[in-house]
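Q: After the structure tokens below, expect a handful of questions from me.
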Amino acid sequence: MPQDFDIIILGAGTTAFAGGRLAAALGKKVLMIEQSQLGGVCVNWGCVPSKTLIHKAEMYQAARKGEDWGLNLRAGKPDCATLMKLKRSAVETLRETHYQYKLDHSKNLEVLYGRGRFVSPTSLEVGKRVVRAPQILIATGGAPRIIPLPGLENIKYLTSLNAMHLHEFPKSLIMLGGGVIALEMGQMFARFGTTVTILERGAKLLSEFDPRLTEQFRAMLELEGIQILFNVESQRVEQRDNGVCLYALADGNPLGICAEKLMLAVGTQPATQGIGLQELGIELDPGGFIQVDEQLRTSVPGIWAAGDVTGSLLIAPAGAREAWIAVKNMLDPDAGYHIDHRSSPMAVFVDPEFATVGLNRQQAEAKGLGVVTTYLGLDRVPKAHVMGELQGGVLLTAEKGSGKLLGVQMLCPRAADIIHEATLAVRFGLTVVDLATTVHVYPSISDGLRQAARDNAVQQGLL
């Protein structure tokens, strides 16, 4: 049967675009199938709108801090309608100038709007149309995870998606979850005047980060008026005339808490339902994420998957890199490109920011490596004193003996930018001596990374 396209991509978000543009540039006829908006979740409902509002909340907080620093500033009540309009403008501008523009100026690349469903390993049904290609990439992304909580079906609850479309900020909010989204949006809402309570199932915030950093941040949030409870097992919720009440066990003790709104921030679930994966026999893990090998191949020949739908590193740039690798392997089966996220950084856009790359001590030791870990408090960094922001630090892990940098974690202003220096060092096998002997701008927060590397090198007798 003749094929309509060389490659079909299910989705038109960041991951899909990266793969689609690469294949089209290499002369392949590519179709992307999208049931909603160009740009996917990240541009339309996730990264771009949330970080726009988070940035404005940071500005608002800075104005209030300025009163203590002798600056003639007064922070009035935030205007939700104006902020949401600004957010929409940022989303629409980026979608038009980045995604739509690239689509319009890319030969061999087109979009078919509708919901795609597999009818065979080489064909998908979109409405009444069936499209075919020998190679298919699944890049449908993910969505907020909804937990089976009794009473939830009667609640008008928030998620990271619909929380971006509020007409006004709630007076009070129960945030279920203590991960990235919960902290980013919890701090944002609190700074805009919402009374926020964070309920975390585990014993700490951001389990992937070192307690020396997360405990400092917990104290910062509490100083901003956010209440945080740990070891919470949610049992049920119920709607009241003036809001919602959640009932749970906290450290085994009964807990009842009420607020105007409830927000679920308990992770991501893959967008794999209803697209025909089970019928094809594509293997999924227990969470519904598509299982792929290191070359991004699924269990069905000719079908690949990349991005959030695989459950790996759930950030847009990682998905884009995965799509690039998947397409390269599609076009050259002997190339053997593979994904390795050990040198992929990630950040949490709270204030100050968290960022990490590479291995922590436990992960490195699990691989049989001897390590030396160094912690540098931000109060040792001169720029922190210039800024009046002394909370935070840099945690650096290096291989014992060689000094090879294995991983870095940071909590500091602009950590999401600074982490790229550490990313290059991890990726290309640089040592703590390399970092320590590289001249840095003074004063700068990034100089804290140099100081941490110097301390590690001295501790190992390398300097």
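Here, A, B, ... name the chains of the structure tokens in the order displayed, residue numbers run from 1 inside each chain, and ligands are numbered from 1 in the same displayed order.
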Based on DSSP run over this structure's backbone, return all residues of region 140-175 of chain A in strand (DSSP E or B), as an MDAnalysis selection string.

A: chainID A and resid 142:144 158 172:175

Q: At a cut-off of 7 Å, can you tabulate as a tab-separated table every residue of region 170-264 of chain A near region 345-365 of chain A together with its closest atom pair and the distance in Å to one decimal, using only C-alpha atoms and ordering rows by chain then number?

A:
residue	atom	partner	partner_atom	distance
A:Val180	CA	A:Val348	CA	6.0
A:Leu183	CA	A:Val350	CA	6.8
A:Glu184	CA	A:Val350	CA	5.1

Q: Those residues with N, CA and C atoms, as a tab-separated table (two decimals), in the first residue's frame please?

A:
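See again-v6.tsv below for the written result:
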chain	number	residue	atom	x	y	z
A	180	VAL	N	7.68	19.76	42.05
A	180	VAL	CA	8.05	20.96	41.29
A	180	VAL	C	6.86	21.89	41.08
A	183	LEU	N	5.43	23.56	44.31
A	183	LEU	CA	6.25	24.62	44.88
A	183	LEU	C	6.26	25.86	43.99
A	184	GLU	N	6.38	25.66	42.68
A	184	GLU	CA	6.39	26.81	41.77
A	184	GLU	C	5.09	27.60	41.88

Q: So which residues touch Ala163 (chain A) within 10 Å, counting only C-alpha atoms, skipping near sequence neighbours fewer than 3 positions away, as a CSV table (one decimal) with N, CA and C atoms, in the first residue's frame?

A:
chain,number,residue,atom,x,y,z
A,45,TRP,N,0.0,25.9,28.0
A,45,TRP,CA,-0.6,25.7,29.3
A,45,TRP,C,0.4,25.5,30.4
A,50,SER,N,3.0,29.6,33.0
A,50,SER,CA,3.3,29.6,34.4
A,50,SER,C,4.6,30.4,34.7
A,157,TYR,N,-11.9,21.3,41.1
A,157,TYR,CA,-10.5,21.5,41.5
A,157,TYR,C,-9.6,22.1,40.4
A,158,LEU,N,-8.5,22.6,40.8
A,158,LEU,CA,-7.5,23.1,39.9
A,158,LEU,C,-6.4,22.1,39.6
A,159,THR,N,-5.8,22.3,38.4
A,159,THR,CA,-4.6,21.6,38.1
A,159,THR,C,-3.6,22.7,37.5
A,160,SER,N,-2.5,22.3,37.1
A,160,SER,CA,-1.5,23.2,36.5
A,160,SER,C,-2.0,23.8,35.2
A,166,LEU,N,-7.5,31.6,35.6
A,166,LEU,CA,-8.4,32.1,36.6
A,166,LEU,C,-8.7,33.6,36.4
A,167,HIS,N,-9.9,34.0,36.8
A,167,HIS,CA,-10.3,35.4,36.7
A,167,HIS,C,-9.9,36.2,37.9
A,169,PHE,N,-7.4,35.6,41.8
A,169,PHE,CA,-6.6,34.7,42.6
A,169,PHE,C,-7.5,34.2,43.8
A,185,MET,N,4.0,26.9,41.8
A,185,MET,CA,2.7,27.6,41.8
A,185,MET,C,2.2,28.0,43.2
A,263,MET,N,-6.0,22.4,44.7
A,263,MET,CA,-5.2,22.2,43.5
A,263,MET,C,-4.5,20.9,43.6

Q: Do you know which residues are at most 10 Å from Pro317 (chain A) counting only C-alpha atoms, after dropping those on the same chain fewer than 4 positions away, and could you put them as a list of chain:residue names?

A: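 Selected residues are A:Thr14, A:Thr15, A:Ala18, A:Gly307, A:Leu313, A:Arg321, A:Glu322, A:Ala323, A:Ser344, A:Pro345, A:Met346.
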
Q: I'd like to know which of A:Ala12, A:Leu246, A:Leu406, A:Ile445 is closest to Asp379 (chain A), using only C-alpha atoms.

A: A:Ile445

Q: Fewer than 3 positions away in the same chain doesn't count, so skip those; otherwise give me all residues within 9 Å of Leu83 (chain A), counting only C-alpha atoms, as an MDAnalysis selection string.

A: chainID A and resid 52:53 56 78:80 86:88

Q: Please compute the CA of Val126 (chain A)-CA of Pro49 (chain A) distance, one decimal, in Å.

A: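 Separation between CA of Val126 (chain A) and CA of Pro49 (chain A): 29.0 Å.
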
Q: Neighbours of region 291-301 of chain A within 8 Å (only C-alpha atoms; same-chain residues fewer than 5 positions away dropped), as a VMD selection string?

A: chain A and resid 121 280 to 285 306 310 322 325 to 326 329 336 to 340

Q: Which of these, A:Gly311, A:Gly368, A:Pro211, A:Gly243, has the shortest distance to Pro286 (chain A) once you count only C-alpha atoms?

A: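 The answer is A:Gly311, which sits nearest to Pro286 (chain A).
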
Q: Neighbours of region 376-378 of chain A within 6 Å (only C-alpha atoms; same-chain residues fewer than 2 positions away dropped), as a list in words?

A: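 Neighbouring residues, sequence-local ones excluded: Arg380, Val381, Leu390, Gly392, Gly393, Val394 and Ala452 of chain A.
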
Q: Selection from above, N, CA and C atoms, as a compact mmCIF listing (two decimals), in the first residue's frame, can you write it?

A:
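Written file, again_16.txt:
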# COMPACT_ATOMS: atom_id res chain seq x y z
N ARG A 380 28.79 32.41 51.68
CA ARG A 380 30.22 32.53 51.37
C ARG A 380 30.47 33.16 50.00
N VAL A 381 29.40 33.47 49.29
CA VAL A 381 29.53 34.05 47.95
C VAL A 381 29.32 35.56 48.05
N LEU A 390 21.06 35.57 51.16
CA LEU A 390 22.10 34.71 51.71
C LEU A 390 21.67 33.26 51.89
N GLY A 392 20.63 29.57 50.72
CA GLY A 392 20.88 28.72 49.58
C GLY A 392 22.28 28.15 49.63
N GLY A 393 22.67 27.50 48.54
CA GLY A 393 24.00 26.90 48.52
C GLY A 393 24.26 26.12 47.26
N VAL A 394 25.49 25.59 47.17
CA VAL A 394 25.94 24.78 46.05
C VAL A 394 26.45 23.46 46.60
N ALA A 452 33.10 26.18 45.29
CA ALA A 452 32.78 24.81 45.70
C ALA A 452 33.76 23.83 45.06

Q: CA of Leu221 (chain A) and CA of Gly142 (chain A) are how many Å apart?

A: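 Value for the CA of Leu221 (chain A)-CA of Gly142 (chain A) distance: 28.2 Å.
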
Q: Nearest to Leu199 (chain A): which of A:Ala384, A:Val232, A:Leu430, A:Ala335 is it, counting only C-alpha atoms?

A: A:Val232

Q: For a test of reading the model, state the distance in Å between CA of Arg129 (chain A) and CA of Val111 (chain A), rounded to one decimal.

A: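 Computed distance, CA of Arg129 (chain A) to CA of Val111 (chain A), equals 13.4 Å.
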
Q: Restricting the calculation to only C-alpha atoms, which member of A:Ile136, A:Cys245, A:Ile54, A:Ile147 is positioned closest to Ala305 (chain A)?

A: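 Of A:Ile136, A:Cys245, A:Ile54, A:Ile147, the one nearest Ala305 (chain A) is A:Ile136, counting only C-alpha atoms.
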
Q: Looking only at the backbone, which of the residues in region 170-217 of chain A does DSSP tag as alpha helix (DSSP H), as a PDB file with N, CA and C atoms, in the first residue's frame?

A:
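Writing done, so here's result-v1.pdb:
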ATOM      1  N   VAL A 180       7.680  19.764  42.052  1.00  0.00           N
ATOM      2  CA  VAL A 180       8.047  20.957  41.289  1.00  0.00           C
ATOM      3  C   VAL A 180       6.859  21.889  41.075  1.00  0.00           C
ATOM      4  N   ILE A 181       5.768  21.368  40.518  1.00  0.00           N
ATOM      5  CA  ILE A 181       4.613  22.211  40.207  1.00  0.00           C
ATOM      6  C   ILE A 181       4.002  22.796  41.471  1.00  0.00           C
ATOM      7  N   ALA A 182       3.905  21.991  42.520  1.00  0.00           N
ATOM      8  CA  ALA A 182       3.320  22.471  43.771  1.00  0.00           C
ATOM      9  C   ALA A 182       4.108  23.645  44.333  1.00  0.00           C
ATOM     10  N   LEU A 183       5.430  23.557  44.308  1.00  0.00           N
ATOM     11  CA  LEU A 183       6.246  24.624  44.878  1.00  0.00           C
ATOM     12  C   LEU A 183       6.259  25.862  43.987  1.00  0.00           C
ATOM     13  N   GLU A 184       6.382  25.658  42.681  1.00  0.00           N
ATOM     14  CA  GLU A 184       6.393  26.807  41.773  1.00  0.00           C
ATOM     15  C   GLU A 184       5.092  27.600  41.883  1.00  0.00           C
ATOM     16  N   MET A 185       3.966  26.903  41.789  1.00  0.00           N
ATOM     17  CA  MET A 185       2.691  27.591  41.764  1.00  0.00           C
ATOM     18  C   MET A 185       2.217  27.960  43.162  1.00  0.00           C
ATOM     19  N   GLY A 186       2.598  27.169  44.154  1.00  0.00           N
ATOM     20  CA  GLY A 186       2.247  27.520  45.521  1.00  0.00           C
ATOM     21  C   GLY A 186       2.885  28.829  45.946  1.00  0.00           C
ATOM     22  N   GLN A 187       4.166  28.990  45.642  1.00  0.00           N
ATOM     23  CA  GLN A 187       4.843  30.244  45.980  1.00  0.00           C
ATOM     24  C   GLN A 187       4.261  31.409  45.183  1.00  0.00           C
ATOM     25  N   MET A 188       3.951  31.165  43.901  1.00  0.00           N
ATOM     26  CA  MET A 188       3.367  32.223  43.072  1.00  0.00           C
ATOM     27  C   MET A 188       2.040  32.698  43.653  1.00  0.00           C
ATOM     28  N   PHE A 189       1.142  31.758  43.961  1.00  0.00           N
ATOM     29  CA  PHE A 189      -0.157  32.147  44.512  1.00  0.00           C
ATOM     30  C   PHE A 189       0.011  32.878  45.841  1.00  0.00           C
ATOM     31  N   ALA A 190       0.909  32.388  46.689  1.00  0.00           N
ATOM     32  CA  ALA A 190       1.107  33.027  47.987  1.00  0.00           C
ATOM     33  C   ALA A 190       1.585  34.462  47.828  1.00  0.00           C
ATOM     34  N   ARG A 191       2.446  34.700  46.866  1.00  0.00           N
ATOM     35  CA  ARG A 191       2.963  36.058  46.666  1.00  0.00           C
ATOM     36  C   ARG A 191       1.899  36.993  46.100  1.00  0.00           C
ATOM     37  N   PRO A 211      18.668  17.448  51.244  1.00  0.00           N
ATOM     38  CA  PRO A 211      17.957  18.138  52.340  1.00  0.00           C
ATOM     39  C   PRO A 211      18.623  19.435  52.785  1.00  0.00           C
ATOM     40  N   ARG A 212      19.935  19.558  52.597  1.00  0.00           N
ATOM     41  CA  ARG A 212      20.599  20.814  52.968  1.00  0.00           C
ATOM     42  C   ARG A 212      20.066  21.997  52.161  1.00  0.00           C
ATOM     43  N   LEU A 213      19.553  21.702  50.978  1.00  0.00           N
ATOM     44  CA  LEU A 213      18.949  22.745  50.156  1.00  0.00           C
ATOM     45  C   LEU A 213      17.449  22.842  50.403  1.00  0.00           C
ATOM     46  N   THR A 214      16.770  21.711  50.414  1.00  0.00           N
ATOM     47  CA  THR A 214      15.303  21.736  50.526  1.00  0.00           C
ATOM     48  C   THR A 214      14.835  22.238  51.889  1.00  0.00           C
ATOM     49  N   GLU A 215      15.600  21.958  52.950  1.00  0.00           N
ATOM     50  CA  GLU A 215      15.191  22.440  54.269  1.00  0.00           C
ATOM     51  C   GLU A 215      15.317  23.957  54.367  1.00  0.00           C
ATOM     52  N   GLN A 216      16.323  24.512  53.711  1.00  0.00           N
ATOM     53  CA  GLN A 216      16.429  25.977  53.671  1.00  0.00           C
ATOM     54  C   GLN A 216      15.236  26.579  52.937  1.00  0.00           C
ATOM     55  N   PHE A 217      14.864  25.936  51.821  1.00  0.00           N
ATOM     56  CA  PHE A 217      13.762  26.486  51.047  1.00  0.00           C
ATOM     57  C   PHE A 217      12.438  26.344  51.789  1.00  0.00           C
TER      58      PHE A 217
END
